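Chemist: Shown below is the structure under consideration.
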Amino acid sequence: MNNIRTVSDTKKAFYNSHTRPINSIYNRVVEELLVEMHLISVNADYSYNPFYALGIVTAFDRFMEGYSPEQDKISIFNALIQAQEEDSDKYRADAKGLEDLASQMSGQDMISWICLSADRDDAQHLQDNLRAISDGYKFKYNRLFAIGLFTLLEIADTELVKEQPQRTEAIKKISQALNLPEEKLLKDIEMYRSNLERIIQARNAMEDSLMAARKKRDKRRSLEEGNIPTSPSNTSKNSN
């Protein structure tokens, strides 16, 4: 019987891979995502699929937007995936494939495709994943998978997901077609949108604070440069 990784094992693997400190405003985001991914991946019913990968990539990129330095952001993402003993390049590539697909479809076409009522020859392998989920094959619903589905709708038609009635109707159709827990799906997507809004507000507040501090520092420096004491030599010349 294989030993199941513990949260401590996963955290240790992460911090062995990414050794630099994480900016305080983003630290909680990284910790929560790390633990959430761990709990999903060690579940007996876990099976990787591209929609889950898209959810992770989207959540990470959205919540970590503005992180500096950029190179550290790349390192953090790679460490998150590697700590789950998986391939970060595969996650990025599969997410990109789904994003490209969504950009070629309308919102209604995307809903039909996800609901298995419309096919695309160039995405049959992706739809096979959805069909397996609908059939209940080795799949346990999770929030990151839900974010992946929502991201597809958002890319295909931004306006569709802006208004709650339309958004709710689309999510209900998808939950019924894929045999997903409707209330959980709706709740998780609304929570994701709410958390995203909160972190955007926190990031804006931090940027405003930094800008105010920078202006204050520049003003003080300007005042200091404008009130440089006259040197003795200059005083002597002026008196003559």
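Residues are named by chain letter and number: chains run A, B, ... in the order of the structure tokens, numbers start at 1 in each chain, and ligands are numbered from 1 in the order shown.
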Find the residues around segment 103-118 of chain A up to 8 Å (only C-alpha atoms counted), leave out those fewer than 4 positions away in its own chain, and share them as JSON, numbers by chain.
Modeler: {"A": [99, 127, 130, 131, 152, 153, 155, 156, 157, 160, 170, 173, 174, 177, 178]}
Chemist: With all heavy atoms retained, export the selected residues as an mmCIF file, in the first residue's frame.
Modeler:
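See result.cif below for the written result:
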data_model
loop_
_atom_site.group_PDB
_atom_site.id
_atom_site.type_symbol
_atom_site.label_atom_id
_atom_site.label_comp_id
_atom_site.auth_asym_id
_atom_site.auth_seq_id
_atom_site.Cartn_x
_atom_site.Cartn_y
_atom_site.Cartn_z
ATOM 1 N N GLU A 99 -8.277 27.674 -23.461
ATOM 2 C CA GLU A 99 -8.476 29.112 -23.673
ATOM 3 C C GLU A 99 -8.609 29.426 -25.163
ATOM 4 O O GLU A 99 -9.473 30.212 -25.574
ATOM 5 C CB GLU A 99 -7.306 29.891 -23.068
ATOM 6 C CG GLU A 99 -7.298 29.901 -21.550
ATOM 7 C CD GLU A 99 -5.992 30.444 -20.991
ATOM 8 O OE1 GLU A 99 -5.057 30.712 -21.799
ATOM 9 O OE2 GLU A 99 -5.897 30.600 -19.757
ATOM 10 N N GLN A 127 -13.755 16.868 -24.913
ATOM 11 C CA GLN A 127 -15.138 16.546 -24.591
ATOM 12 C C GLN A 127 -15.259 15.142 -24.001
ATOM 13 O O GLN A 127 -16.160 14.879 -23.195
ATOM 14 C CB GLN A 127 -16.027 16.693 -25.821
ATOM 15 C CG GLN A 127 -17.501 16.870 -25.480
ATOM 16 C CD GLN A 127 -18.319 17.236 -26.702
ATOM 17 O OE1 GLN A 127 -18.147 16.654 -27.762
ATOM 18 N NE2 GLN A 127 -19.214 18.200 -26.557
ATOM 19 N N LEU A 130 -15.189 15.479 -20.386
ATOM 20 C CA LEU A 130 -16.481 15.900 -19.848
ATOM 21 C C LEU A 130 -17.474 14.740 -19.817
ATOM 22 O O LEU A 130 -18.244 14.598 -18.865
ATOM 23 C CB LEU A 130 -17.054 17.046 -20.691
ATOM 24 C CG LEU A 130 -16.264 18.358 -20.676
ATOM 25 C CD1 LEU A 130 -16.870 19.345 -21.662
ATOM 26 C CD2 LEU A 130 -16.240 18.964 -19.272
ATOM 27 N N ARG A 131 -17.430 13.919 -20.841
ATOM 28 C CA ARG A 131 -18.347 12.781 -20.905
ATOM 29 C C ARG A 131 -18.053 11.781 -19.775
ATOM 30 O O ARG A 131 -18.979 11.228 -19.163
ATOM 31 C CB ARG A 131 -18.229 12.097 -22.268
ATOM 32 C CG ARG A 131 -19.316 11.089 -22.554
ATOM 33 C CD ARG A 131 -19.371 10.702 -24.019
ATOM 34 N NE ARG A 131 -19.966 11.753 -24.847
ATOM 35 C CZ ARG A 131 -19.270 12.548 -25.668
ATOM 36 N NH1 ARG A 131 -17.954 12.420 -25.761
ATOM 37 N NH2 ARG A 131 -19.881 13.472 -26.374
ATOM 38 N N LEU A 152 -14.101 29.191 -19.141
ATOM 39 C CA LEU A 152 -14.474 28.945 -20.536
ATOM 40 C C LEU A 152 -15.650 29.832 -20.948
ATOM 41 O O LEU A 152 -15.649 30.419 -22.030
ATOM 42 C CB LEU A 152 -14.844 27.475 -20.734
ATOM 43 C CG LEU A 152 -13.700 26.463 -20.616
ATOM 44 C CD1 LEU A 152 -14.247 25.042 -20.732
ATOM 45 C CD2 LEU A 152 -12.639 26.713 -21.679
ATOM 46 N N LEU A 153 -16.647 29.932 -20.077
ATOM 47 C CA LEU A 153 -17.805 30.794 -20.363
ATOM 48 C C LEU A 153 -17.378 32.252 -20.444
ATOM 49 O O LEU A 153 -17.827 33.000 -21.317
ATOM 50 C CB LEU A 153 -18.862 30.635 -19.274
ATOM 51 C CG LEU A 153 -19.512 29.262 -19.121
ATOM 52 C CD1 LEU A 153 -20.509 29.276 -17.969
ATOM 53 C CD2 LEU A 153 -20.203 28.831 -20.411
ATOM 54 N N ILE A 155 -14.420 33.525 -21.208
ATOM 55 C CA ILE A 155 -13.642 33.810 -22.422
ATOM 56 C C ILE A 155 -14.556 33.844 -23.642
ATOM 57 O O ILE A 155 -14.433 34.713 -24.506
ATOM 58 C CB ILE A 155 -12.529 32.762 -22.623
ATOM 59 C CG1 ILE A 155 -11.483 32.874 -21.502
ATOM 60 C CG2 ILE A 155 -11.849 32.950 -23.981
ATOM 61 C CD1 ILE A 155 -10.446 31.769 -21.513
ATOM 62 N N ALA A 156 -15.477 32.889 -23.714
ATOM 63 C CA ALA A 156 -16.369 32.797 -24.877
ATOM 64 C C ALA A 156 -17.307 33.996 -24.966
ATOM 65 O O ALA A 156 -17.576 34.508 -26.058
ATOM 66 C CB ALA A 156 -17.176 31.500 -24.818
ATOM 67 N N ASP A 157 -17.800 34.467 -23.813
ATOM 68 C CA ASP A 157 -18.750 35.582 -23.820
ATOM 69 C C ASP A 157 -18.725 36.286 -22.464
ATOM 70 O O ASP A 157 -19.400 35.867 -21.530
ATOM 71 C CB ASP A 157 -20.156 35.059 -24.118
ATOM 72 C CG ASP A 157 -21.168 36.185 -24.334
ATOM 73 O OD1 ASP A 157 -20.842 37.343 -24.028
ATOM 74 O OD2 ASP A 157 -22.278 35.894 -24.803
ATOM 75 N N LEU A 160 -22.078 37.344 -21.014
ATOM 76 C CA LEU A 160 -22.929 36.254 -20.540
ATOM 77 C C LEU A 160 -22.786 36.051 -19.036
ATOM 78 O O LEU A 160 -23.769 35.788 -18.337
ATOM 79 C CB LEU A 160 -22.572 34.957 -21.273
ATOM 80 C CG LEU A 160 -23.270 33.681 -20.794
ATOM 81 C CD1 LEU A 160 -24.744 33.715 -21.149
ATOM 82 C CD2 LEU A 160 -22.609 32.453 -21.390
ATOM 83 N N ALA A 170 -26.856 29.433 -17.120
ATOM 84 C CA ALA A 170 -25.810 28.676 -17.805
ATOM 85 C C ALA A 170 -25.205 27.625 -16.881
ATOM 86 O O ALA A 170 -25.000 26.466 -17.279
ATOM 87 C CB ALA A 170 -24.721 29.634 -18.293
ATOM 88 N N LYS A 173 -27.567 24.652 -16.358
ATOM 89 C CA LYS A 173 -27.567 23.750 -17.515
ATOM 90 C C LYS A 173 -26.359 22.824 -17.481
ATOM 91 O O LYS A 173 -26.465 21.623 -17.732
ATOM 92 C CB LYS A 173 -27.554 24.567 -18.811
ATOM 93 C CG LYS A 173 -28.868 25.206 -19.175
ATOM 94 C CD LYS A 173 -28.748 25.959 -20.502
ATOM 95 C CE LYS A 173 -30.061 26.611 -20.898
ATOM 96 N NZ LYS A 173 -29.920 27.385 -22.176
ATOM 97 N N ILE A 174 -25.203 23.410 -17.176
ATOM 98 C CA ILE A 174 -23.961 22.632 -17.138
ATOM 99 C C ILE A 174 -23.996 21.598 -16.016
ATOM 100 O O ILE A 174 -23.598 20.443 -16.204
ATOM 101 C CB ILE A 174 -22.755 23.577 -16.977
ATOM 102 C CG1 ILE A 174 -22.549 24.374 -18.277
ATOM 103 C CG2 ILE A 174 -21.491 22.802 -16.627
ATOM 104 C CD1 ILE A 174 -21.552 25.502 -18.156
ATOM 105 N N ALA A 177 -26.190 18.690 -17.060
ATOM 106 C CA ALA A 177 -25.620 17.875 -18.140
ATOM 107 C C ALA A 177 -24.459 17.014 -17.657
ATOM 108 O O ALA A 177 -24.283 15.880 -18.120
ATOM 109 C CB ALA A 177 -25.161 18.769 -19.281
ATOM 110 N N LEU A 178 -23.665 17.545 -16.723
ATOM 111 C CA LEU A 178 -22.472 16.828 -16.266
ATOM 112 C C LEU A 178 -22.686 16.122 -14.932
ATOM 113 O O LEU A 178 -21.743 15.566 -14.367
ATOM 114 C CB LEU A 178 -21.291 17.799 -16.150
ATOM 115 C CG LEU A 178 -20.858 18.507 -17.434
ATOM 116 C CD1 LEU A 178 -19.625 19.363 -17.183
ATOM 117 C CD2 LEU A 178 -20.599 17.507 -18.560
#
Chemist: List the spatial neighbours of Arg62 of chain A as a ChimeraX atom specification - criterion: any atom at most 12 Å away, only C-alpha atoms, same-chain residues fewer than 2 positions off excluded.
Modeler: /A:26,29,54-60,64-67,73,147,151,192-193,195-200,203
Chemist: Export N, CA and C atoms of the chosen residues as a PDB file, in the first residue's frame?
Modeler:
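Output (selection-v1.pdb):
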ATOM      1  N   TYR A  26       0.114  38.203  -0.838  1.00  0.00           N
ATOM      2  CA  TYR A  26      -0.155  37.019  -1.660  1.00  0.00           C
ATOM      3  C   TYR A  26       0.088  35.709  -0.907  1.00  0.00           C
ATOM      4  N   VAL A  29      -2.957  33.485  -0.263  1.00  0.00           N
ATOM      5  CA  VAL A  29      -3.465  32.912  -1.521  1.00  0.00           C
ATOM      6  C   VAL A  29      -2.683  31.655  -1.882  1.00  0.00           C
ATOM      7  N   LEU A  54      -7.080  24.240 -16.074  1.00  0.00           N
ATOM      8  CA  LEU A  54      -7.467  25.611 -16.423  1.00  0.00           C
ATOM      9  C   LEU A  54      -7.912  26.374 -15.180  1.00  0.00           C
ATOM     10  N   GLY A  55      -8.640  25.710 -14.297  1.00  0.00           N
ATOM     11  CA  GLY A  55      -9.079  26.348 -13.065  1.00  0.00           C
ATOM     12  C   GLY A  55      -7.912  26.782 -12.201  1.00  0.00           C
ATOM     13  N   ILE A  56      -6.910  25.930 -12.090  1.00  0.00           N
ATOM     14  CA  ILE A  56      -5.725  26.259 -11.287  1.00  0.00           C
ATOM     15  C   ILE A  56      -4.954  27.410 -11.928  1.00  0.00           C
ATOM     16  N   VAL A  57      -4.718  27.316 -13.225  1.00  0.00           N
ATOM     17  CA  VAL A  57      -3.966  28.367 -13.921  1.00  0.00           C
ATOM     18  C   VAL A  57      -4.698  29.707 -13.813  1.00  0.00           C
ATOM     19  N   THR A  58      -6.017  29.693 -14.021  1.00  0.00           N
ATOM     20  CA  THR A  58      -6.791  30.931 -13.950  1.00  0.00           C
ATOM     21  C   THR A  58      -6.781  31.517 -12.549  1.00  0.00           C
ATOM     22  N   ALA A  59      -7.043  30.679 -11.548  1.00  0.00           N
ATOM     23  CA  ALA A  59      -7.064  31.154 -10.163  1.00  0.00           C
ATOM     24  C   ALA A  59      -5.705  31.731  -9.786  1.00  0.00           C
ATOM     25  N   PHE A  60      -4.654  31.033 -10.141  1.00  0.00           N
ATOM     26  CA  PHE A  60      -3.309  31.513  -9.807  1.00  0.00           C
ATOM     27  C   PHE A  60      -3.014  32.837 -10.495  1.00  0.00           C
ATOM     28  N   MET A  64      -2.762  36.244  -8.386  1.00  0.00           N
ATOM     29  CA  MET A  64      -1.359  36.658  -8.260  1.00  0.00           C
ATOM     30  C   MET A  64      -1.004  37.792  -9.217  1.00  0.00           C
ATOM     31  N   GLU A  65      -1.991  38.361  -9.862  1.00  0.00           N
ATOM     32  CA  GLU A  65      -1.744  39.450 -10.805  1.00  0.00           C
ATOM     33  C   GLU A  65      -1.032  40.605 -10.101  1.00  0.00           C
ATOM     34  N   GLY A  66      -0.017  41.138 -10.754  1.00  0.00           N
ATOM     35  CA  GLY A  66       0.730  42.253 -10.177  1.00  0.00           C
ATOM     36  C   GLY A  66       1.880  41.826  -9.283  1.00  0.00           C
ATOM     37  N   TYR A  67       2.052  40.504  -9.104  1.00  0.00           N
ATOM     38  CA  TYR A  67       3.129  40.032  -8.225  1.00  0.00           C
ATOM     39  C   TYR A  67       4.483  40.409  -8.810  1.00  0.00           C
ATOM     40  N   LYS A  73       7.025  34.806  -9.559  1.00  0.00           N
ATOM     41  CA  LYS A  73       5.662  34.325  -9.829  1.00  0.00           C
ATOM     42  C   LYS A  73       5.719  33.011 -10.612  1.00  0.00           C
ATOM     43  N   ILE A 147     -13.998  26.589 -11.421  1.00  0.00           N
ATOM     44  CA  ILE A 147     -13.379  27.812 -11.947  1.00  0.00           C
ATOM     45  C   ILE A 147     -12.960  27.605 -13.396  1.00  0.00           C
ATOM     46  N   THR A 151     -14.318  29.841 -16.432  1.00  0.00           N
ATOM     47  CA  THR A 151     -13.352  30.557 -17.275  1.00  0.00           C
ATOM     48  C   THR A 151     -13.679  30.382 -18.753  1.00  0.00           C
ATOM     49  N   TYR A 192     -15.753  32.523  -5.789  1.00  0.00           N
ATOM     50  CA  TYR A 192     -14.563  32.841  -6.576  1.00  0.00           C
ATOM     51  C   TYR A 192     -14.621  34.277  -7.072  1.00  0.00           C
ATOM     52  N   ARG A 193     -15.753  34.676  -7.618  1.00  0.00           N
ATOM     53  CA  ARG A 193     -15.905  36.036  -8.129  1.00  0.00           C
ATOM     54  C   ARG A 193     -15.776  37.063  -6.998  1.00  0.00           C
ATOM     55  N   ASN A 195     -14.156  36.637  -4.047  1.00  0.00           N
ATOM     56  CA  ASN A 195     -12.772  36.660  -3.562  1.00  0.00           C
ATOM     57  C   ASN A 195     -11.860  37.414  -4.522  1.00  0.00           C
ATOM     58  N   LEU A 196     -12.129  37.246  -5.809  1.00  0.00           N
ATOM     59  CA  LEU A 196     -11.334  37.942  -6.821  1.00  0.00           C
ATOM     60  C   LEU A 196     -11.516  39.452  -6.690  1.00  0.00           C
ATOM     61  N   GLU A 197     -12.756  39.869  -6.472  1.00  0.00           N
ATOM     62  CA  GLU A 197     -13.043  41.289  -6.297  1.00  0.00           C
ATOM     63  C   GLU A 197     -12.345  41.840  -5.060  1.00  0.00           C
ATOM     64  N   ARG A 198     -12.343  41.045  -3.985  1.00  0.00           N
ATOM     65  CA  ARG A 198     -11.705  41.494  -2.739  1.00  0.00           C
ATOM     66  C   ARG A 198     -10.207  41.664  -2.902  1.00  0.00           C
ATOM     67  N   ILE A 199      -9.578  40.723  -3.595  1.00  0.00           N
ATOM     68  CA  ILE A 199      -8.124  40.823  -3.730  1.00  0.00           C
ATOM     69  C   ILE A 199      -7.751  41.951  -4.687  1.00  0.00           C
ATOM     70  N   ILE A 200      -8.611  42.228  -5.672  1.00  0.00           N
ATOM     71  CA  ILE A 200      -8.374  43.367  -6.555  1.00  0.00           C
ATOM     72  C   ILE A 200      -8.444  44.661  -5.750  1.00  0.00           C
ATOM     73  N   ARG A 203      -5.349  44.912  -3.613  1.00  0.00           N
ATOM     74  CA  ARG A 203      -4.189  45.270  -4.429  1.00  0.00           C
ATOM     75  C   ARG A 203      -4.243  46.747  -4.807  1.00  0.00           C
TER      76      ARG A 203
END
Chemist: Compare A:Ala202, A:Leu180, A:Tyr48, A:Ser88 by their minimum atom-to-atom distance to Asp135 of chain A, counting only C-alpha atoms, and give me the closest one.
Modeler: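 Checking each candidate against Asp135 of chain A, we get A:Leu180 as the closest.
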Chemist: Between A:Glu190, A:Gln84, A:Asp89, A:Leu144, which residue has the minimum interatomic distance to Glu163 of chain A, considering only C-alpha atoms?
Modeler: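 Among A:Glu190, A:Gln84, A:Asp89, A:Leu144, it is A:Glu190 that comes nearest to Glu163 of chain A.
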Chemist: Using only C-alpha atoms, which of the listed residues (A:Val161, A:Leu98, A:Asp188, A:Phe63) sits closest to Leu126 of chain A?
Modeler: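 The answer is A:Leu98, which sits nearest to Leu126 of chain A.
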Chemist: To test your reading of the structure, identify every residue in segment 51-236 of chain A that backbone DSSP assigns to alpha helix (DSSP H), and report it as a VMD selection string.
Modeler: chain A and resid 51 to 63 70 to 82 88 to 103 107 to 114 124 to 134 143 to 156 158 to 162 164 to 178 182 to 226 232 to 236
Chemist: Quick one, how far is atom CA of Thr6 of chain A from atom CA of Asn23 of chain A?
Modeler: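 Taking atom CA of Thr6 of chain A as the start and atom CA of Asn23 of chain A as the end point, the length is 25.2 Å.
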Chemist: Identify which of the residues A:Gly97, A:Pro181, A:Pro21, A:Gly226 lies closest to Ser68 of chain A, counting only C-alpha atoms when measuring atom-to-atom distances.
Modeler: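 Closest candidate: A:Pro21.
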